[in-house]
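Note: the block below is coords25.tsv and it holds TSV, C-alpha atoms.
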```tsv
chain	number	residue	atom	x	y	z
J	132	MET	CA	18.44	2.13	-5.37
J	133	LYS	CA	16.49	5.10	-6.69
J	134	LEU	CA	15.02	7.55	-4.18
J	135	VAL	CA	12.27	9.96	-5.27
J	136	TYR	CA	10.84	12.92	-3.38
J	137	PHE	CA	7.54	14.79	-3.71
J	138	ALA	CA	5.92	18.04	-2.55
J	139	CYS	CA	7.48	19.59	0.59
J	140	VAL	CA	9.94	16.70	0.96
J	141	ARG	CA	11.22	17.35	-2.58
J	142	GLU	CA	11.56	21.06	-1.86
J	143	ARG	CA	13.42	20.50	1.40
J	144	VAL	CA	15.81	17.85	0.01
J	145	GLY	CA	16.35	20.11	-3.01
J	146	LYS	CA	16.07	17.39	-5.67
J	147	THR	CA	13.40	15.27	-7.32
J	148	ASP	CA	15.33	11.99	-7.26
J	149	GLU	CA	18.75	10.40	-6.80
J	150	GLU	CA	20.54	7.06	-7.00
J	151	VAL	CA	22.10	5.87	-3.74
J	152	ALA	CA	24.25	2.90	-2.74
J	153	LEU	CA	22.95	1.83	0.66
J	154	PRO	CA	25.22	0.45	3.39
J	155	GLU	CA	24.41	-3.24	3.89
J	156	THR	CA	23.27	-2.54	7.44
J	157	ILE	CA	20.21	-0.63	6.16
J	158	GLU	CA	17.39	-3.18	5.98
J	159	THR	CA	14.16	-1.29	6.67
J	160	VAL	CA	12.42	1.93	5.63
J	161	ALA	CA	12.92	3.40	9.12
J	162	GLN	CA	16.66	2.65	8.96
J	163	LEU	CA	16.85	4.26	5.51
J	164	ILE	CA	15.28	7.46	6.85
J	165	GLY	CA	17.71	7.42	9.78
J	166	TRP	CA	20.62	7.05	7.34
J	167	LEU	CA	19.33	9.82	5.05
J	168	LYS	CA	19.17	12.19	8.04
J	169	THR	CA	22.93	11.78	8.51
J	170	ARG	CA	23.61	12.94	4.94
J	171	GLY	CA	23.14	16.67	5.54
J	172	GLU	CA	20.95	19.34	7.03
J	173	GLU	CA	18.61	19.38	4.01
J	174	TYR	CA	17.72	15.73	4.77
J	175	GLU	CA	17.46	16.44	8.50
J	176	TYR	CA	15.04	19.28	7.64
J	177	ALA	CA	13.04	17.16	5.17
J	178	PHE	CA	12.61	14.33	7.68
J	179	GLU	CA	12.32	16.40	10.89
J	180	LYS	CA	8.73	15.23	11.36
J	181	GLU	CA	9.70	11.64	10.67
J	182	GLY	CA	6.40	10.12	11.76
J	183	VAL	CA	4.47	12.30	9.29
J	184	ILE	CA	6.44	11.39	6.15
J	185	ARG	CA	4.83	8.65	4.05
J	186	VAL	CA	6.87	6.07	2.14
J	187	ALA	CA	6.17	3.95	-0.94
J	188	VAL	CA	8.35	1.08	-2.16
J	189	ASP	CA	7.98	0.34	-5.88
J	190	HIS	CA	4.69	2.31	-6.04
J	191	VAL	CA	3.09	0.65	-2.98
J	192	HIS	CA	2.45	2.38	0.38
J	193	VAL	CA	4.52	0.80	3.17
J	194	ARG	CA	5.03	1.24	6.91
J	195	PRO	CA	8.37	2.23	8.51
J	196	GLU	CA	9.13	-1.36	9.51
J	197	ALA	CA	8.86	-2.57	5.89
J	198	ARG	CA	11.97	-4.30	4.56
J	199	LEU	CA	13.88	-2.91	1.59
J	200	ALA	CA	15.21	-6.19	0.12
J	201	GLY	CA	14.65	-6.15	-3.65
J	202	ALA	CA	13.32	-2.57	-3.71
J	203	ARG	CA	14.12	-0.59	-6.87
J	204	GLU	CA	12.45	2.75	-6.09
J	205	VAL	CA	11.63	4.26	-2.70
J	206	ALA	CA	9.47	7.41	-2.57
J	207	PHE	CA	9.10	9.90	0.29
J	208	PHE	CA	6.23	12.38	0.55
J	209	PRO	CA	3.88	14.16	2.98
J	210	PRO	CA	0.31	12.95	3.60
J	211	MET	CA	-1.64	13.10	0.35
J	212	THR	CA	-4.07	15.92	-0.46
J	213	GLY	CA	-5.59	14.96	-3.81
J	214	GLY	CA	-9.22	14.50	-4.70
M	31	MET	CA	-17.29	-4.69	-15.49
M	32	THR	CA	-15.33	-1.85	-17.10
M	33	THR	CA	-12.83	0.25	-15.20
M	34	THR	CA	-11.29	3.36	-16.75
M	35	ILE	CA	-8.59	5.31	-14.94
M	36	ARG	CA	-6.96	8.43	-16.37
M	37	ILE	CA	-4.42	10.83	-14.89
M	38	GLN	CA	-4.29	13.93	-17.07
M	39	SER	CA	-3.61	17.66	-17.07
M	40	GLU	CA	-6.40	18.55	-19.51
M	41	PRO	CA	-10.04	19.14	-18.44
M	42	PHE	CA	-12.62	16.34	-18.70
M	43	ASP	CA	-16.28	16.20	-19.72
M	44	ALA	CA	-18.21	14.62	-16.83
M	45	ALA	CA	-21.42	14.18	-18.84
M	46	ALA	CA	-19.59	12.48	-21.71
M	47	GLU	CA	-17.84	10.11	-19.30
M	48	ALA	CA	-21.18	9.16	-17.68
M	49	THR	CA	-22.74	8.58	-21.10
M	50	ALA	CA	-19.80	6.40	-22.14
M	51	LEU	CA	-20.46	4.06	-19.20
M	52	THR	CA	-24.11	3.52	-20.18
M	53	ALA	CA	-23.96	3.70	-23.99
M	54	GLY	CA	-25.36	0.59	-25.69
M	55	ARG	CA	-26.33	-1.06	-22.39
M	56	THR	CA	-29.76	-1.86	-21.03
M	57	ASP	CA	-28.73	-3.40	-17.69
M	58	VAL	CA	-27.65	-0.18	-15.92
M	59	GLY	CA	-30.21	1.17	-13.46
M	60	ALA	CA	-28.11	3.78	-11.68
M	61	VAL	CA	-25.34	6.20	-12.60
M	62	VAL	CA	-23.60	8.22	-9.88
M	63	THR	CA	-21.30	11.05	-10.94
M	64	PHE	CA	-19.12	12.99	-8.53
M	65	THR	CA	-17.02	15.96	-9.68
M	66	GLY	CA	-14.59	17.70	-7.33
M	67	LEU	CA	-13.91	21.36	-8.16
M	68	CYS	CA	-11.22	23.87	-7.26
M	69	ARG	CA	-12.65	26.50	-4.80
M	70	ASP	CA	-11.37	30.06	-4.49
M	71	GLU	CA	-11.50	29.85	-0.66
M	72	GLY	CA	-13.41	33.12	-0.24
M	73	GLY	CA	-11.53	34.90	-3.03
M	74	ARG	CA	-8.10	34.14	-1.55
M	75	LEU	CA	-6.99	31.55	-4.10
M	76	ALA	CA	-5.75	32.21	-7.66
M	77	ALA	CA	-5.07	28.53	-8.47
M	78	LEU	CA	-4.11	25.13	-7.14
M	79	GLU	CA	-1.00	23.36	-8.41
M	80	LEU	CA	-1.42	19.59	-8.25
M	81	GLU	CA	1.75	17.51	-8.08
M	82	HIS	CA	1.52	13.73	-8.52
M	83	TYR	CA	3.68	10.62	-8.56
M	84	PRO	CA	3.47	9.29	-12.13
M	85	GLY	CA	3.16	5.52	-12.21
M	86	MET	CA	2.14	5.17	-8.59
M	87	ALA	CA	-0.93	7.41	-9.04
M	88	GLU	CA	-2.32	5.05	-11.70
M	89	ALA	CA	-1.31	1.94	-9.72
M	90	GLU	CA	-2.81	3.14	-6.44
M	91	ILE	CA	-6.10	4.23	-8.03
M	92	ALA	CA	-6.27	0.84	-9.79
M	93	ARG	CA	-5.89	-0.89	-6.40
M	94	VAL	CA	-8.68	1.26	-4.90
M	95	ALA	CA	-10.89	0.56	-7.95
M	96	ALA	CA	-10.27	-3.19	-7.61
M	97	GLU	CA	-11.33	-2.98	-3.96
M	98	ALA	CA	-14.55	-1.14	-4.94
M	99	GLU	CA	-15.26	-3.89	-7.47
M	100	ARG	CA	-14.75	-6.55	-4.78
M	101	ARG	CA	-17.11	-4.80	-2.34
M	102	TRP	CA	-20.01	-3.68	-4.51
M	103	PRO	CA	-21.83	-5.13	-7.54
M	104	ILE	CA	-20.93	-2.21	-9.78
M	105	LEU	CA	-21.14	-2.53	-13.57
M	106	GLY	CA	-18.63	0.16	-14.46
M	107	GLN	CA	-16.40	2.83	-12.94
M	108	THR	CA	-14.46	5.75	-14.39
M	109	ILE	CA	-11.95	7.71	-12.34
M	110	ILE	CA	-10.16	10.77	-13.72
M	111	HIS	CA	-7.73	12.86	-11.67
M	112	ARG	CA	-6.09	15.98	-13.07
M	113	PHE	CA	-2.67	17.40	-12.28
M	114	GLY	CA	-0.94	20.71	-12.98
M	115	ARG	CA	-2.33	24.22	-12.50
M	116	ILE	CA	-6.11	24.31	-11.93
M	117	THR	CA	-8.04	27.56	-11.38
M	118	PRO	CA	-11.17	28.08	-9.22
M	119	GLY	CA	-14.30	26.75	-10.91
M	120	GLU	CA	-12.37	24.10	-12.83
M	121	SER	CA	-12.76	20.38	-12.19
M	122	ILE	CA	-10.05	18.39	-10.39
M	123	VAL	CA	-11.42	14.89	-10.03
M	124	LEU	CA	-14.22	12.75	-11.48
M	125	VAL	CA	-15.73	9.50	-10.22
M	126	VAL	CA	-18.52	7.80	-12.16
M	127	THR	CA	-20.03	4.49	-11.04
M	128	THR	CA	-22.85	2.43	-12.51
M	129	SER	CA	-24.88	-0.42	-11.05
M	130	VAL	CA	-28.24	-2.17	-11.34
M	131	HIS	CA	-29.60	-0.51	-8.17
M	132	ARG	CA	-28.61	2.86	-6.73
M	133	GLN	CA	-27.08	1.81	-3.41
M	134	ALA	CA	-24.02	0.10	-4.91
M	135	ALA	CA	-23.26	3.05	-7.23
M	136	PHE	CA	-23.70	5.62	-4.42
M	137	GLU	CA	-21.58	3.71	-1.91
M	138	ALA	CA	-18.84	2.76	-4.36
M	139	ALA	CA	-18.51	6.38	-5.54
M	140	GLU	CA	-18.21	7.62	-1.97
M	141	PHE	CA	-15.67	4.90	-1.11
M	142	LEU	CA	-13.60	5.73	-4.20
M	143	MET	CA	-13.50	9.45	-3.33
M	144	ASP	CA	-12.66	8.84	0.35
M	145	TYR	CA	-9.78	6.55	-0.63
M	146	LEU	CA	-8.55	8.78	-3.46
M	147	LYS	CA	-8.17	11.67	-1.02
M	148	THR	CA	-6.07	9.73	1.49
M	149	GLN	CA	-4.26	7.10	-0.67
M	150	ALA	CA	-3.68	8.47	-4.17
M	151	PRO	CA	-0.28	10.23	-4.42
M	152	PHE	CA	-1.37	13.79	-5.25
M	153	TRP	CA	-0.44	16.98	-3.41
M	154	LYS	CA	-2.07	20.41	-3.68
M	155	ARG	CA	-0.18	23.68	-3.46
M	156	GLU	CA	-2.02	26.99	-3.21
M	157	HIS	CA	-1.26	30.01	-5.41
M	158	LEU	CA	-2.72	33.15	-3.84
M	159	ARG	CA	-4.57	36.04	-5.51
M	160	ASP	CA	-2.23	38.63	-4.01
M	161	GLY	CA	0.68	36.99	-5.83
M	162	ALA	CA	2.21	35.51	-2.68
M	163	ALA	CA	3.68	32.04	-2.88
M	164	GLY	CA	1.09	29.87	-1.19
M	165	SER	CA	1.76	26.84	0.97
M	166	TRP	CA	1.10	23.13	0.56
M	167	VAL	CA	-2.41	22.14	1.56
M	168	GLU	CA	-2.39	20.22	4.88
M	169	ALA	CA	-4.01	16.81	5.02
M	170	LYS	CA	-7.26	16.86	7.01
M	171	ASP	CA	-8.12	14.50	9.88
M	172	THR	CA	-11.72	14.54	8.61
M	173	ASP	CA	-10.53	12.93	5.34
M	174	ASP	CA	-8.74	10.18	7.30
M	175	ALA	CA	-11.90	9.63	9.35
M	176	ALA	CA	-14.00	9.44	6.17
M	177	ALA	CA	-11.69	6.75	4.75
M	178	ALA	CA	-11.53	4.88	8.06
M	179	ARG	CA	-15.27	4.22	8.17
M	180	TRP	CA	-14.96	1.81	5.20
M	181	ARG	CA	-12.48	-0.46	7.02
```

Whole structure given in structure tokens:
Amino acid sequence: MKLVYFACVRERVGKTDEEVALPETIETVAQLIGWLKTRGEEYEYAFEKEGVIRVAVDHVHVRPEARLAGAREVAFFPPMTGG
Amino acid sequence: MTTTIRIQSEPFDAAAEATALTAGRTDVGAVVTFTGLCRDEGGRLAALELEHYPGMAEAEIARVAAEAERRWPILGQTIIHRFGRITPGESIVLVVTTSVHRQAAFEAAEFLMDYLKTQAPFWKREHLRDGAAGSWVEAKDTDDAAAARWR
């Protein structure tokens, strides 16, 4: 699965994207964030305000309880400020 | 019904885009054009850097445009959003809508802008005049409230 990061999340994680092999126990977006936070202090820092971080699966906004089955690309970013 | 969506770093010509939506047609009775500009925030700002999520930006704006088409009898819509470094006075975003009567074009343009601000994956970072590294622009509750009134 490909993970991509934008804006302050990208800066805190320290990379734009990465390929990860998820443990089979990770089934939802919320579980994925919980797992990422165990991977190092840069992830803990990036996801410290967990409720604020937005997630998209395959280019579609999703909620934390969304399931990851079949997902190819999961994106993490702060609330959007375009327009 | 024609929908044009472009994500680009280069500037756009708002008047030309409005003309393109009405050229050769005699059924259009209203054209609404909204252009969002980069402000200098009282002289504090040297530029905005706009980051975006390529692929999703186009897809999300297309979903918002499809929703506008479902809700209002619009004849055409053009949405352009820029990315990269944009200096005060320059344009950031363009929404043009056309319809037979003005209400649909006005409302659809406002809906599109409200949803672009809260749903399209773009993020603004400030670059300050004094050379300091600016921070990411915080999302505003007022923008969420503006989008919420269309639900």

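Between atom CA of M:Arg115 and atom CA of J:Arg185 the separation is 23.8 Å.
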
Chain M contacts to chain J at 6 Å (all atoms listed in the file) as number ranges by chain: M: 86, 123, 146-148, 151-154, 169

Close residues, J:Val144 itself excluded, 6 Å, all atoms listed in the file, min 5 positions apart in chain, as a ChimeraX atom specification: /J:173-174,177

Contacts of stretch 65-81 of chain M at 6 Å (all atoms listed in the file; same-chain gap of 5+ positions) as a PyMOL selection string: chain M and resi 113-124+152-159

Please produce an output containing C-alpha atoms for each residue in the selection, written as a compact mmCIF listing (two decimals), keeping the file's coordinate frame.
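Written out: selection02.txt:
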```
# COMPACT_ATOMS: atom_id res chain seq x y z
CA PHE M 113 -2.67 17.40 -12.28
CA GLY M 114 -0.94 20.71 -12.98
CA ARG M 115 -2.33 24.22 -12.50
CA ILE M 116 -6.11 24.31 -11.93
CA THR M 117 -8.04 27.56 -11.38
CA PRO M 118 -11.17 28.08 -9.22
CA GLY M 119 -14.30 26.75 -10.91
CA GLU M 120 -12.37 24.10 -12.83
CA SER M 121 -12.76 20.38 -12.19
CA ILE M 122 -10.05 18.39 -10.39
CA VAL M 123 -11.42 14.89 -10.03
CA LEU M 124 -14.22 12.75 -11.48
CA PHE M 152 -1.37 13.79 -5.25
CA TRP M 153 -0.44 16.98 -3.41
CA LYS M 154 -2.07 20.41 -3.68
CA ARG M 155 -0.18 23.68 -3.46
CA GLU M 156 -2.02 26.99 -3.21
CA HIS M 157 -1.26 30.01 -5.41
CA LEU M 158 -2.72 33.15 -3.84
CA ARG M 159 -4.57 36.04 -5.51
```

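Among the candidates M:Val58, M:Ala139, M:Ala163, M:Ile37, the residue lying nearest to M:Ile110 is M:Ile37 (atoms considered: all atoms listed in the file).
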
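For the set M:Thr56, M:Thr49, M:Thr127, M:Thr33, the residue with the smallest atom-to-atom gap to M:Met143 is M:Thr127, counting all atoms listed in the file.
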
Contacts of M:Thr34 within 12 Å, only C-alpha atoms, excl. fewer than 3 positions in-chain, as a PyMOL selection string: chain M and resi 31+37+47-48+50-51+88+91-92+95-96+105-111+124-127

Let me see the file: selected residues, C-alpha atoms, as a PDB file, keeping the file's coordinate frame.
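Final file, selection-v3.pdb:
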```
ATOM      1  CA  MET M  31     -17.290  -4.690 -15.490  1.00  0.00           C
ATOM      2  CA  ILE M  37      -4.420  10.830 -14.890  1.00  0.00           C
ATOM      3  CA  GLU M  47     -17.840  10.110 -19.300  1.00  0.00           C
ATOM      4  CA  ALA M  48     -21.180   9.160 -17.680  1.00  0.00           C
ATOM      5  CA  ALA M  50     -19.800   6.400 -22.140  1.00  0.00           C
ATOM      6  CA  LEU M  51     -20.460   4.060 -19.200  1.00  0.00           C
ATOM      7  CA  GLU M  88      -2.320   5.050 -11.700  1.00  0.00           C
ATOM      8  CA  ILE M  91      -6.100   4.230  -8.030  1.00  0.00           C
ATOM      9  CA  ALA M  92      -6.270   0.840  -9.790  1.00  0.00           C
ATOM     10  CA  ALA M  95     -10.890   0.560  -7.950  1.00  0.00           C
ATOM     11  CA  ALA M  96     -10.270  -3.190  -7.610  1.00  0.00           C
ATOM     12  CA  LEU M 105     -21.140  -2.530 -13.570  1.00  0.00           C
ATOM     13  CA  GLY M 106     -18.630   0.160 -14.460  1.00  0.00           C
ATOM     14  CA  GLN M 107     -16.400   2.830 -12.940  1.00  0.00           C
ATOM     15  CA  THR M 108     -14.460   5.750 -14.390  1.00  0.00           C
ATOM     16  CA  ILE M 109     -11.950   7.710 -12.340  1.00  0.00           C
ATOM     17  CA  ILE M 110     -10.160  10.770 -13.720  1.00  0.00           C
ATOM     18  CA  HIS M 111      -7.730  12.860 -11.670  1.00  0.00           C
ATOM     19  CA  LEU M 124     -14.220  12.750 -11.480  1.00  0.00           C
ATOM     20  CA  VAL M 125     -15.730   9.500 -10.220  1.00  0.00           C
ATOM     21  CA  VAL M 126     -18.520   7.800 -12.160  1.00  0.00           C
ATOM     22  CA  THR M 127     -20.030   4.490 -11.040  1.00  0.00           C
TER      23      THR M 127
END
```

Distance in Å - atom CA of M:Gly54 versus atom CA of M:Glu99: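 Answer for the atom CA of M:Gly54 to atom CA of M:Glu99 separation: 21.3 Å.
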
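Minimum atom-to-atom distances from M:Glu97, M:Glu90, M:Glu40, M:Glu168 to M:Arg181 were compared using only C-alpha atoms, and the lowest value belongs to M:Glu97.
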
Separation of atom CA of J:Val205 from atom CA of J:Leu163 in Å: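 Interatomic distance, atom CA of J:Leu163 to atom CA of J:Val205: 9.7 Å.
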